[in-house]
$ cat run-v2.pdb   # PDB, C-alpha atoms
ATOM      1  CA  GLN A 864      11.098 -47.002   5.397  1.00  0.00           C
ATOM      2  CA  GLU A 865      10.511 -47.264   1.658  1.00  0.00           C
ATOM      3  CA  LEU A 866      11.636 -43.658   1.161  1.00  0.00           C
ATOM      4  CA  LYS A 867      14.783 -44.243   3.191  1.00  0.00           C
ATOM      5  CA  ALA A 868      15.645 -47.241   1.033  1.00  0.00           C
ATOM      6  CA  ALA A 869      14.829 -45.557  -2.282  1.00  0.00           C
ATOM      7  CA  PHE A 870      16.297 -42.141  -1.466  1.00  0.00           C
ATOM      8  CA  PRO A 871      19.144 -42.327   1.033  1.00  0.00           C
ATOM      9  CA  GLY A 872      19.771 -39.008   2.758  1.00  0.00           C
ATOM     10  CA  TYR A 873      16.363 -37.616   1.821  1.00  0.00           C
ATOM     11  CA  TYR A 874      14.732 -34.811   3.769  1.00  0.00           C
ATOM     12  CA  ILE A 875      10.969 -34.320   3.852  1.00  0.00           C
ATOM     13  CA  ILE A 876       9.854 -30.724   4.157  1.00  0.00           C
ATOM     14  CA  PRO A 877       6.739 -30.563   6.329  1.00  0.00           C
ATOM     15  CA  GLU A 878       3.632 -28.712   5.175  1.00  0.00           C
ATOM     16  CA  GLY A 879       4.296 -24.990   5.067  1.00  0.00           C
ATOM     17  CA  GLY A 880       7.940 -25.619   5.952  1.00  0.00           C
ATOM     18  CA  ALA A 881       6.822 -26.104   9.564  1.00  0.00           C
ATOM     19  CA  GLY A 882       9.513 -26.847  12.088  1.00  0.00           C
ATOM     20  CA  PRO A 883      12.711 -25.363  13.478  1.00  0.00           C
ATOM     21  CA  LEU A 884      14.522 -25.136  10.131  1.00  0.00           C
ATOM     22  CA  GLY A 885      11.560 -23.447   8.446  1.00  0.00           C
ATOM     23  CA  GLU A 886      11.274 -20.972  11.289  1.00  0.00           C
ATOM     24  CA  LYS A 887      14.996 -20.252  11.121  1.00  0.00           C
ATOM     25  CA  GLY A 888      14.736 -19.551   7.400  1.00  0.00           C
ATOM     26  CA  ALA A 889      11.672 -17.345   7.857  1.00  0.00           C
ATOM     27  CA  GLY A 890      13.489 -15.377  10.545  1.00  0.00           C
ATOM     28  CA  GLU A 891      16.140 -14.493   7.989  1.00  0.00           C
ATOM     29  CA  ILE A 892      13.579 -12.577   5.922  1.00  0.00           C
ATOM     30  CA  LEU A 893      14.177  -9.558   8.136  1.00  0.00           C
ATOM     31  CA  ASN A 894      17.876  -9.602   7.182  1.00  0.00           C
ATOM     32  CA  LEU A 895      16.761  -8.170   3.828  1.00  0.00           C
ATOM     33  CA  VAL A 896      15.699  -4.858   5.378  1.00  0.00           C
ATOM     34  CA  ASN A 897      16.768  -2.512   8.129  1.00  0.00           C
ATOM     35  CA  LYS A 898      14.319  -4.051  10.562  1.00  0.00           C
ATOM     36  CA  THR A 899      14.911  -1.395  13.216  1.00  0.00           C
ATOM     37  CA  THR A 900      13.126   1.077  10.922  1.00  0.00           C
ATOM     38  CA  PHE A 901       9.756  -0.593  11.465  1.00  0.00           C
ATOM     39  CA  THR A 902       7.399  -0.354  14.427  1.00  0.00           C
ATOM     40  CA  HIS A 903       5.072  -3.049  13.065  1.00  0.00           C
ATOM     41  CA  ILE A 904       5.765  -6.132  10.981  1.00  0.00           C
ATOM     42  CA  ALA A 905       2.811  -7.981   9.451  1.00  0.00           C
ATOM     43  CA  CYS A 906       2.510 -11.387   7.845  1.00  0.00           C
ATOM     44  CA  ALA A 907      -0.162 -13.894   6.923  1.00  0.00           C
ATOM     45  CA  ILE A 908      -0.474 -17.033   9.037  1.00  0.00           C
ATOM     46  CA  GLY A 909      -1.046 -20.515   7.604  1.00  0.00           C
ATOM     47  CA  THR A 910       1.086 -23.021   9.497  1.00  0.00           C
ATOM     48  CA  ALA A 911       2.568 -20.112  11.508  1.00  0.00           C
ATOM     49  CA  THR A 912       6.099 -21.037  10.435  1.00  0.00           C
ATOM     50  CA  MET A 913       6.854 -17.570   9.077  1.00  0.00           C
ATOM     51  CA  PHE A 914       5.152 -15.861  12.019  1.00  0.00           C
ATOM     52  CA  ASN A 915       7.189 -17.849  14.559  1.00  0.00           C
ATOM     53  CA  GLY A 916      10.443 -17.338  12.682  1.00  0.00           C
ATOM     54  CA  ILE A 917       9.947 -13.618  12.303  1.00  0.00           C
ATOM     55  CA  LEU A 918       8.955 -13.326  15.953  1.00  0.00           C
ATOM     56  CA  LYS A 919      12.403 -14.597  16.915  1.00  0.00           C
ATOM     57  CA  SER A 920      13.961 -11.823  14.796  1.00  0.00           C
ATOM     58  CA  THR A 921      11.909  -8.845  15.947  1.00  0.00           C
ATOM     59  CA  GLY A 922      13.003  -6.301  18.503  1.00  0.00           C
ATOM     60  CA  ASN A 923      11.354  -5.538  21.833  1.00  0.00           C
ATOM     61  CA  LYS A 924       9.871  -2.290  20.531  1.00  0.00           C
ATOM     62  CA  GLN A 925       8.279  -3.871  17.476  1.00  0.00           C
ATOM     63  CA  GLN A 926       4.875  -5.463  17.205  1.00  0.00           C
ATOM     64  CA  LEU A 927       4.422  -8.526  15.019  1.00  0.00           C
ATOM     65  CA  ILE A 928       0.951  -8.696  13.511  1.00  0.00           C
ATOM     66  CA  GLY A 929      -0.412 -12.016  12.292  1.00  0.00           C
ATOM     67  CA  ILE A 930      -3.381 -12.433   9.981  1.00  0.00           C
ATOM     68  CA  PRO A 931      -4.605 -16.057   9.997  1.00  0.00           C
ATOM     69  CA  VAL A 932      -5.940 -17.138   6.611  1.00  0.00           C
ATOM     70  CA  LEU A 933      -7.675 -20.228   7.961  1.00  0.00           C
ATOM     71  CA  LYS A 934     -10.929 -20.224   9.820  1.00  0.00           C
ATOM     72  CA  GLY A 935     -10.532 -21.509  13.370  1.00  0.00           C
ATOM     73  CA  LEU A 936      -6.907 -20.516  14.011  1.00  0.00           C
ATOM     74  CA  GLU A 937      -7.980 -18.745  17.172  1.00  0.00           C
ATOM     75  CA  LYS A 938      -5.807 -21.228  19.053  1.00  0.00           C
ATOM     76  CA  ILE A 939      -2.679 -19.253  18.139  1.00  0.00           C
ATOM     77  CA  ALA A 940      -1.867 -17.475  21.363  1.00  0.00           C
ATOM     78  CA  GLU A 941      -0.671 -13.915  21.329  1.00  0.00           C
ATOM     79  CA  GLN A 942       2.740 -13.496  22.880  1.00  0.00           C
ATOM     80  CA  LYS A 943       4.698 -10.487  24.010  1.00  0.00           C
ATOM     81  CA  ASN A 944       4.822  -7.915  21.208  1.00  0.00           C
ATOM     82  CA  THR A 945       2.382  -9.823  18.975  1.00  0.00           C
ATOM     83  CA  ARG A 946      -1.167  -9.282  17.880  1.00  0.00           C
ATOM     84  CA  ILE A 947      -3.332 -11.785  16.000  1.00  0.00           C
ATOM     85  CA  PHE A 948      -6.376 -10.584  14.050  1.00  0.00           C
ATOM     86  CA  ASN A 949      -8.696 -13.514  13.339  1.00  0.00           C
ATOM     87  CA  ASP A 950     -11.399 -11.697  11.391  1.00  0.00           C
ATOM     88  CA  TYR A 951      -9.811 -11.569   7.940  1.00  0.00           C
ATOM     89  CA  HIS A 952      -9.949 -15.176   6.712  1.00  0.00           C
ATOM     90  CA  PHE A 953     -12.887 -14.496   4.332  1.00  0.00           C
ATOM     91  CA  GLY A 954     -14.490 -17.831   5.144  1.00  0.00           C
ATOM     92  CA  GLY A 955     -11.390 -19.994   5.441  1.00  0.00           C
ATOM     93  CA  TYR A 956      -8.332 -21.253   3.630  1.00  0.00           C
ATOM     94  CA  ALA A 957      -8.395 -20.390  -0.089  1.00  0.00           C
ATOM     95  CA  LYS A 958     -11.861 -18.879   0.356  1.00  0.00           C
ATOM     96  CA  TYR A 959     -12.650 -15.400  -0.859  1.00  0.00           C
ATOM     97  CA  THR A 960     -15.452 -12.947  -1.394  1.00  0.00           C
ATOM     98  CA  ASN A 961     -16.085 -10.532  -4.205  1.00  0.00           C
ATOM     99  CA  ASN A 962     -15.143  -7.773  -1.753  1.00  0.00           C
ATOM    100  CA  LEU A 963     -11.631  -9.250  -1.391  1.00  0.00           C
ATOM    101  CA  LEU A 964     -11.184  -9.595  -5.166  1.00  0.00           C
ATOM    102  CA  VAL A 965     -12.315  -6.000  -5.762  1.00  0.00           C
ATOM    103  CA  PHE A 966      -9.860  -4.846  -3.086  1.00  0.00           C
ATOM    104  CA  MET A 967      -7.003  -6.813  -4.682  1.00  0.00           C
ATOM    105  CA  ASN A 968      -7.706  -5.263  -8.090  1.00  0.00           C
ATOM    106  CA  ASP A 969      -7.914  -1.753  -6.582  1.00  0.00           C
ATOM    107  CA  PHE A 970      -4.682  -2.340  -4.654  1.00  0.00           C
ATOM    108  CA  TYR A 971      -2.979  -3.447  -7.858  1.00  0.00           C
ATOM    109  CA  LYS A 972      -4.215  -0.337  -9.725  1.00  0.00           C
ATOM    110  CA  LYS A 973      -2.688   1.872  -7.010  1.00  0.00           C
ATOM    111  CA  THR A 974       0.578   0.024  -6.386  1.00  0.00           C
ATOM    112  CA  TYR A 975       1.203  -2.405  -9.266  1.00  0.00           C
ATOM    113  CA  ILE A 976       1.736  -5.072  -6.595  1.00  0.00           C
ATOM    114  CA  PRO A 977      -0.190  -8.293  -7.246  1.00  0.00           C
ATOM    115  CA  ALA A 978      -1.554 -10.249  -4.297  1.00  0.00           C
ATOM    116  CA  ASP A 979      -3.096 -13.687  -3.985  1.00  0.00           C
ATOM    117  CA  PHE A 980      -6.486 -14.488  -2.487  1.00  0.00           C
ATOM    118  CA  VAL A 981      -5.123 -17.250  -0.235  1.00  0.00           C
ATOM    119  CA  TYR A 982      -2.548 -15.268   1.799  1.00  0.00           C
ATOM    120  CA  THR A 983      -1.352 -11.810   0.835  1.00  0.00           C
ATOM    121  CA  GLY A 984      -4.657 -10.411  -0.381  1.00  0.00           C
ATOM    122  CA  LYS A 985      -6.156 -11.109   3.032  1.00  0.00           C
ATOM    123  CA  LEU A 986      -3.087  -9.720   4.789  1.00  0.00           C
ATOM    124  CA  ILE A 987      -3.063  -6.458   2.842  1.00  0.00           C
ATOM    125  CA  PHE A 988      -6.831  -6.086   3.194  1.00  0.00           C
ATOM    126  CA  ALA A 989      -6.445  -6.478   6.961  1.00  0.00           C
ATOM    127  CA  ILE A 990      -3.714  -3.863   7.218  1.00  0.00           C
ATOM    128  CA  TYR A 991      -5.731  -1.384   5.141  1.00  0.00           C
ATOM    129  CA  ASP A 992      -8.770  -2.044   7.338  1.00  0.00           C
ATOM    130  CA  LEU A 993      -6.727  -1.563  10.512  1.00  0.00           C
ATOM    131  CA  LEU A 994      -5.413   1.712   9.092  1.00  0.00           C
ATOM    132  CA  GLN A 995      -9.007   2.868   8.525  1.00  0.00           C
ATOM    133  CA  LYS A 996      -9.827   1.913  12.119  1.00  0.00           C
ATOM    134  CA  ASP A 997      -6.835   3.942  13.436  1.00  0.00           C
ATOM    135  CA  TYR A 998      -5.233   0.860  14.964  1.00  0.00           C
ATOM    136  CA  PHE A 999      -1.715   2.107  14.285  1.00  0.00           C
ATOM    137  CA  PRO A1000      -0.340   5.021  16.298  1.00  0.00           C
ATOM    138  CA  GLU A1001       0.764   8.140  14.450  1.00  0.00           C
ATOM    139  CA  ASN A1002       4.241   7.817  12.856  1.00  0.00           C
ATOM    140  CA  SER A1003       4.050   4.016  12.719  1.00  0.00           C
ATOM    141  CA  LYS A1004       6.265   2.344  10.138  1.00  0.00           C
ATOM    142  CA  ILE A1005       4.662  -0.872   8.871  1.00  0.00           C
ATOM    143  CA  LEU A1006       6.434  -3.678   7.035  1.00  0.00           C
ATOM    144  CA  ILE A1007       4.036  -6.012   5.230  1.00  0.00           C
ATOM    145  CA  ILE A1008       5.686  -9.275   4.225  1.00  0.00           C
ATOM    146  CA  HIS A1009       4.443 -10.435   0.824  1.00  0.00           C
ATOM    147  CA  SER A1010       5.046 -14.175   0.899  1.00  0.00           C
ATOM    148  CA  GLY A1011       4.210 -14.892  -2.732  1.00  0.00           C
ATOM    149  CA  GLY A1012       1.629 -17.548  -3.525  1.00  0.00           C
ATOM    150  CA  LEU A1013       0.472 -15.839  -6.697  1.00  0.00           C
ATOM    151  CA  GLN A1014       0.099 -19.183  -8.473  1.00  0.00           C
ATOM    152  CA  GLY A1015      -3.139 -19.740  -6.535  1.00  0.00           C
ATOM    153  CA  ASN A1016      -4.738 -16.957  -8.549  1.00  0.00           C
ATOM    154  CA  GLN A1017      -4.617 -19.207 -11.623  1.00  0.00           C
ATOM    155  CA  SER A1018      -7.535 -21.163 -10.151  1.00  0.00           C
ATOM    156  CA  LEU A1019      -9.796 -18.107 -10.490  1.00  0.00           C
ATOM    157  CA  PRO A1020     -11.889 -17.621 -13.623  1.00  0.00           C
ATOM    158  CA  LYS A1021      -9.950 -15.779 -16.317  1.00  0.00           C
ATOM    159  CA  GLY A1022     -10.424 -12.007 -16.055  1.00  0.00           C
ATOM    160  CA  THR A1023     -11.335 -12.046 -12.328  1.00  0.00           C
ATOM    161  CA  LEU A1024      -8.101 -10.250 -11.489  1.00  0.00           C
ATOM    162  CA  ILE A1025      -6.551  -7.561 -13.682  1.00  0.00           C
ATOM    163  CA  PHE A1026      -3.001  -8.809 -13.236  1.00  0.00           C
TER     164      PHE A1026
END
$ encode --input "run-v2.pdb" --output "structure tokens"
Amino acid sequence: QELKAAFPGYYIIPEGGAGPLGEKGAGEILNLVNKTTFTHIACAIGTATMFNGILKSTGNKQQLIGIPVLKGLEKIAEQKNTRIFNDYHFGGYAKYTNNLLVFMNDFYKKTYIPADFVYTGKLIFAIYDLLQKDYFPENSKILIIHSGGLQGNQSLPKGTLIF
């Protein structure tokens, strides 16, 4: 009530943008590419806002892959054309191992694409691991959605990451 009085017409954005408007906005991410080109679309999962929004924008012949970054998100149910891989959280939200940091630095050396240890580092690690395990059929076209979050890397000791 105090917010309503002090800031008429305010709008509170829920954590992670969760909710119908956040999902609608996340679904528009695929408008930036020719989404029919891709057989697999992958994103990290925190609140699942992006995952749910993108799911509404994918085609029937595409698989949406979700990589939860929090420990214990096993409650996210797989739906038609989705696959959730729960084994890449590295101990939980904003947790990491030296293995993840080494991977992120190696990935940067090869691609010049920085990742963060909270979301995208885990996502990209997972996709690389799934590639090594031959999860994806031959001729798959994979879209990995880099959701940003690089500011979290500033909490790491200086020199931990090379970017």
$ residues_around --input "run-v2.pdb" --residues "segment 952-961 of chain A" --least-positions-apart "3" --cutoff "10 Å" --atoms "all atoms listed in the file" --output "list in words"
Ala907, Ile908, Gly909, Ile930, Pro931, Val932, Leu933, Lys934, Gly935, Leu936, Phe948, Asn949, Leu964, Val965, Phe966, Met967, Asp979, Phe980, Val981, Tyr982, Gly984, Lys985, Leu986, Ala989, Gly1015, Asn1016 and Thr1023 of chain A
$ closest_residue --input "run-v2.pdb" --among "A:Ser1018, A:Ala905, A:Leu918, A:Gln926" --to "Ile987 of chain A" --atoms "all atoms listed in the file"
A:Ala905
$ resolve_selection --input "run-v2.pdb" --expression "the PyMOL selection byres ((chain A and resi 991-1008) around 8)" --output "number ranges by chain"
A: 900-907, 987-990, 1009-1010
$ atom_distance --input "run-v2.pdb" --atom1 "atom CA of Thr912 of chain A" --atom2 "atom CA of Gly929 of chain A"
11.3 Å
$ atom_distance --input "run-v2.pdb" --atom1 "atom CA of Leu866 of chain A" --atom2 "atom CA of Gln1014 of chain A"
28.7 Å
$ atom_distance --input "run-v2.pdb" --atom1 "atom CA of Tyr971 of chain A" --atom2 "atom CA of Thr983 of chain A"
12.2 Å
$ resolve_selection --input "run-v2.pdb" --expression "the PyMOL selection byres ((chain A and resi 875-885) around 6)" --output "VMD selection string"
chain A and resid 874 886 to 888 910 912
$ residues_around --input "run-v2.pdb" --residues "Ala889 of chain A" --least-positions-apart "6" --cutoff "7 Å" --atoms "all atoms listed in the file" --output "list in words"
Met913, Gly916 and Ile917 of chain A
$ closest_residue --input "run-v2.pdb" --among "A:Gly872, A:Gly1022, A:Gly890, A:Gly922" --to "Lys943 of chain A" --atoms "all atoms listed in the file"
A:Gly922
$ decode --input "run-v2.pdb" --residues "segment 1011-1022 of chain A" --atoms "all heavy atoms" --output "mmCIF file, in the first residue's frame"
data_model
loop_
_atom_site.group_PDB
_atom_site.id
_atom_site.type_symbol
_atom_site.label_atom_id
_atom_site.label_comp_id
_atom_site.auth_asym_id
_atom_site.auth_seq_id
_atom_site.Cartn_x
_atom_site.Cartn_y
_atom_site.Cartn_z
ATOM 1 N N GLY A 1011 23.334 -13.326 -21.058
ATOM 2 C CA GLY A 1011 24.059 -12.242 -20.392
ATOM 3 C C GLY A 1011 24.494 -12.652 -18.999
ATOM 4 O O GLY A 1011 24.930 -13.776 -18.792
ATOM 5 N N GLY A 1012 24.391 -11.751 -18.050
ATOM 6 C CA GLY A 1012 24.762 -12.066 -16.674
ATOM 7 C C GLY A 1012 26.245 -11.958 -16.391
ATOM 8 O O GLY A 1012 26.720 -12.407 -15.360
ATOM 9 N N LEU A 1013 26.987 -11.358 -17.296
ATOM 10 C CA LEU A 1013 28.437 -11.296 -17.147
ATOM 11 C C LEU A 1013 28.885 -10.510 -15.918
ATOM 12 O O LEU A 1013 29.992 -10.707 -15.421
ATOM 13 C CB LEU A 1013 29.071 -10.706 -18.407
ATOM 14 C CG LEU A 1013 28.857 -11.520 -19.683
ATOM 15 C CD1 LEU A 1013 29.407 -10.770 -20.890
ATOM 16 C CD2 LEU A 1013 29.482 -12.894 -19.569
ATOM 17 N N GLN A 1014 28.021 -9.651 -15.391
ATOM 18 C CA GLN A 1014 28.396 -8.856 -14.228
ATOM 19 C C GLN A 1014 28.704 -9.733 -13.013
ATOM 20 O O GLN A 1014 29.460 -9.344 -12.135
ATOM 21 C CB GLN A 1014 27.316 -7.813 -13.892
ATOM 22 C CG GLN A 1014 26.017 -8.378 -13.359
ATOM 23 C CD GLN A 1014 25.052 -8.837 -14.435
ATOM 24 O OE1 GLN A 1014 25.381 -8.848 -15.622
ATOM 25 N NE2 GLN A 1014 23.848 -9.223 -14.037
ATOM 26 N N GLY A 1015 28.136 -10.933 -12.970
ATOM 27 C CA GLY A 1015 28.415 -11.843 -11.857
ATOM 28 C C GLY A 1015 29.873 -12.239 -11.784
ATOM 29 O O GLY A 1015 30.393 -12.541 -10.696
ATOM 30 N N ASN A 1016 30.556 -12.224 -12.923
ATOM 31 C CA ASN A 1016 31.968 -12.590 -12.941
ATOM 32 C C ASN A 1016 32.825 -11.624 -12.128
ATOM 33 O O ASN A 1016 33.929 -11.972 -11.716
ATOM 34 C CB ASN A 1016 32.494 -12.644 -14.378
ATOM 35 C CG ASN A 1016 31.923 -13.808 -15.157
ATOM 36 O OD1 ASN A 1016 31.404 -14.764 -14.588
ATOM 37 N ND2 ASN A 1016 31.996 -13.717 -16.470
ATOM 38 N N GLN A 1017 32.341 -10.421 -11.893
ATOM 39 C CA GLN A 1017 33.109 -9.438 -11.128
ATOM 40 C C GLN A 1017 33.298 -9.864 -9.677
ATOM 41 O O GLN A 1017 34.157 -9.330 -8.981
ATOM 42 C CB GLN A 1017 32.439 -8.068 -11.210
ATOM 43 C CG GLN A 1017 32.464 -7.493 -12.605
ATOM 44 C CD GLN A 1017 31.704 -6.180 -12.720
ATOM 45 O OE1 GLN A 1017 31.174 -5.655 -11.751
ATOM 46 N NE2 GLN A 1017 31.649 -5.649 -13.930
ATOM 47 N N SER A 1018 32.510 -10.839 -9.218
ATOM 48 C CA SER A 1018 32.664 -11.318 -7.845
ATOM 49 C C SER A 1018 33.808 -12.323 -7.704
ATOM 50 O O SER A 1018 34.199 -12.673 -6.593
ATOM 51 C CB SER A 1018 31.359 -11.959 -7.363
ATOM 52 O OG SER A 1018 31.092 -13.145 -8.094
ATOM 53 N N LEU A 1019 34.350 -12.782 -8.833
ATOM 54 C CA LEU A 1019 35.470 -13.721 -8.802
ATOM 55 C C LEU A 1019 36.776 -12.976 -8.531
ATOM 56 O O LEU A 1019 36.901 -11.799 -8.892
ATOM 57 C CB LEU A 1019 35.581 -14.461 -10.134
ATOM 58 C CG LEU A 1019 34.409 -15.370 -10.512
ATOM 59 C CD1 LEU A 1019 34.558 -15.862 -11.953
ATOM 60 C CD2 LEU A 1019 34.322 -16.541 -9.549
ATOM 61 N N PRO A 1020 37.736 -13.649 -7.935
ATOM 62 C CA PRO A 1020 39.044 -13.000 -7.739
ATOM 63 C C PRO A 1020 39.641 -12.540 -9.074
ATOM 64 O O PRO A 1020 39.516 -13.233 -10.083
ATOM 65 C CB PRO A 1020 39.908 -14.111 -7.123
ATOM 66 C CG PRO A 1020 38.927 -15.051 -6.488
ATOM 67 C CD PRO A 1020 37.703 -14.991 -7.363
ATOM 68 N N LYS A 1021 40.236 -11.374 -9.054
ATOM 69 C CA LYS A 1021 40.832 -10.805 -10.269
ATOM 70 C C LYS A 1021 41.817 -11.802 -10.879
ATOM 71 O O LYS A 1021 42.592 -12.415 -10.178
ATOM 72 C CB LYS A 1021 41.539 -9.488 -9.937
ATOM 73 C CG LYS A 1021 41.942 -8.694 -11.136
ATOM 74 C CD LYS A 1021 42.450 -7.319 -10.736
ATOM 75 C CE LYS A 1021 42.822 -6.566 -11.972
ATOM 76 N NZ LYS A 1021 41.908 -5.506 -12.279
ATOM 77 N N GLY A 1022 41.721 -11.987 -12.217
ATOM 78 C CA GLY A 1022 42.602 -12.883 -12.927
ATOM 79 C C GLY A 1022 42.073 -14.319 -13.044
ATOM 80 O O GLY A 1022 42.670 -15.146 -13.716
#
